[in-house]
Structure formats: structure tokens, C-alpha cells
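Participant: Questions regarding the structure given below will be posed in turn.
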Amino acid sequence: MSISPTLVNDAGSTNSEFLVSGMTCSHCVSSVIEELSAIDSVENVVVELNVGGASKVTVASSAALDPDAVQAAISEAGYEWVDAAS
Ligand SMILES: [Cu+2]
């Protein structure tokens with residue numbers, strides 16, 4: 001598992017993008033946002049819901065994300081981390 005690409009935005013945050021499968025509605029999106037937001041360095045989470053496919057998740061954080069923490073958060077919400085966003 002990897003997170004890429006990682007970009008540093010103007011605010012000094014690190015943006016990480018990856019794909020998560022299994023989300024089908026706004027409740028699913030809320031669950032993923034809630035779990036990811038619980039990670040210490042996470043400042044903002046955006047989910048582009050793609051029903052029936054992999055949804056792109058963008059996380060802004062004050063430090064590089066720990067892939068294990070991200071995977072644990074997504075599993076906790078009940079979904080699957082598919083891959084880094086291309
Ligand atoms: Cu749902």
C-alpha cells in the first residue's frame with residue numbers, strides 16, 4: 001500500500017490522494033471522513049463519491065500520513081483502501 005501523489009499546498013499542508021472502494025452513499029462518506037479525521041495530523045478530508053467504483057479521497061494533513069493509520073481508519077469505517085490515486 002502506498003499513498004501518492006503527495007503534494008504540499010500553499011498552506012503548508014500535505015495533500016494525499018488515494019482510492020477507497022465500497023462507499024455507496026453520503027452516510028458511507030461521512031463514516032470515512034469521521035475515521036480519517038480522527039488521525040492526529042489530519043486537517044481536512046474530501047471524498048469524491050463514485051457509487052459502484054472506487055471513490056477518490058483527498059486528505060490534507062500537517063505531517064506526512066502514516067499509511068498504516070490510514071488503512072486502519074478506512075477498515076474501521078468498513079471500507080477498503082484500493083490504491084493510490086493515479
Ligand atoms: Cu452508505
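For the C-alpha cells, the naming scheme is as follows: chains receive sequential letters (A, B, ...) according to their order of presentation, residues are indexed from 1 within each chain, and ligands are indexed from 1 in presentation order.
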List the spatial neighbours of region 65-73 of chain A as a list of chain:residue names - criterion: any atom at most 9 Å away, only C-alpha atoms, same-chain residues fewer than 4 positions off excluded.
Facilitator: A:Met1, A:Ser2, A:Ile3, A:Thr14, A:Ser16, A:Val32, A:Glu34, A:Glu35, A:Leu36, A:Ser37, A:Ala38, A:Ile39, A:Ser41, A:Val42, A:Val59, A:Ser61, A:Ala77, A:Gly78, A:Glu80, A:Trp81
Participant: For the selection you just gave me, I'd like the residues written to a file as a CSV table (one decimal), in the first residue's frame, keeping C-alpha atoms.
Facilitator:
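Here's the written file selection-v3.csv:
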```csv
chain,number,residue,atom,x,y,z
A,1,MET,CA,0.0,0.0,0.0
A,2,SER,CA,1.2,3.5,-0.7
A,3,ILE,CA,-0.1,7.0,-0.8
A,14,THR,CA,0.5,17.8,2.8
A,16,SER,CA,-2.5,12.8,0.0
A,32,VAL,CA,-14.8,7.6,6.2
A,34,GLU,CA,-15.0,10.7,10.6
A,35,GLU,CA,-12.5,8.0,10.9
A,36,LEU,CA,-9.8,9.7,8.8
A,37,SER,CA,-10.4,13.0,10.7
A,38,ALA,CA,-9.5,11.2,13.9
A,39,ILE,CA,-5.9,10.8,12.8
A,41,SER,CA,-2.2,15.3,11.8
A,42,VAL,CA,-5.3,15.3,9.5
A,59,VAL,CA,-6.6,14.2,2.8
A,61,SER,CA,-2.5,16.9,6.9
A,77,ALA,CA,-15.2,2.6,8.8
A,78,GLY,CA,-15.9,-0.7,6.9
A,80,GLU,CA,-11.3,-0.9,1.5
A,81,TRP,CA,-8.3,1.1,0.5
```
Participant: Enumerate residues in contact with ligand 1: an atom-to-atom distance of at most 8 Å, counting only C-alpha atoms and all ligand atoms. Format the result as number ranges by chain.
Facilitator: A: 23-29
Participant: Once DSSP has gone over the backbone, tell me which residues of region 6-53 of chain A are in alpha helix (DSSP H), as a list in words.
Facilitator: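 These are the residues in question: Ser26, His27, Cys28, Val29, Ser30, Ser31, Val32, Ile33, Glu34, Glu35, Leu36 and Ser37 of chain A.
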Participant: Write out as a list of chain:residue names the residues lying within 8 Å of Ala54 (chain A), counting only C-alpha atoms and excluding same-chain residues fewer than 3 positions away.
Facilitator: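 Once the nearby chain positions are removed, what remains is A:Leu19, A:Val20, A:Ser21, A:Gly22, A:Met23, A:Leu49, A:Asn50, A:Val51, A:Val82.
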Participant: Would you mind writing down, as number ranges by chain, each residue of region 26-82 of chain A that DSSP on the backbone assigns to strand (DSSP E)?
Facilitator: A: 42-48, 54-61, 80-82
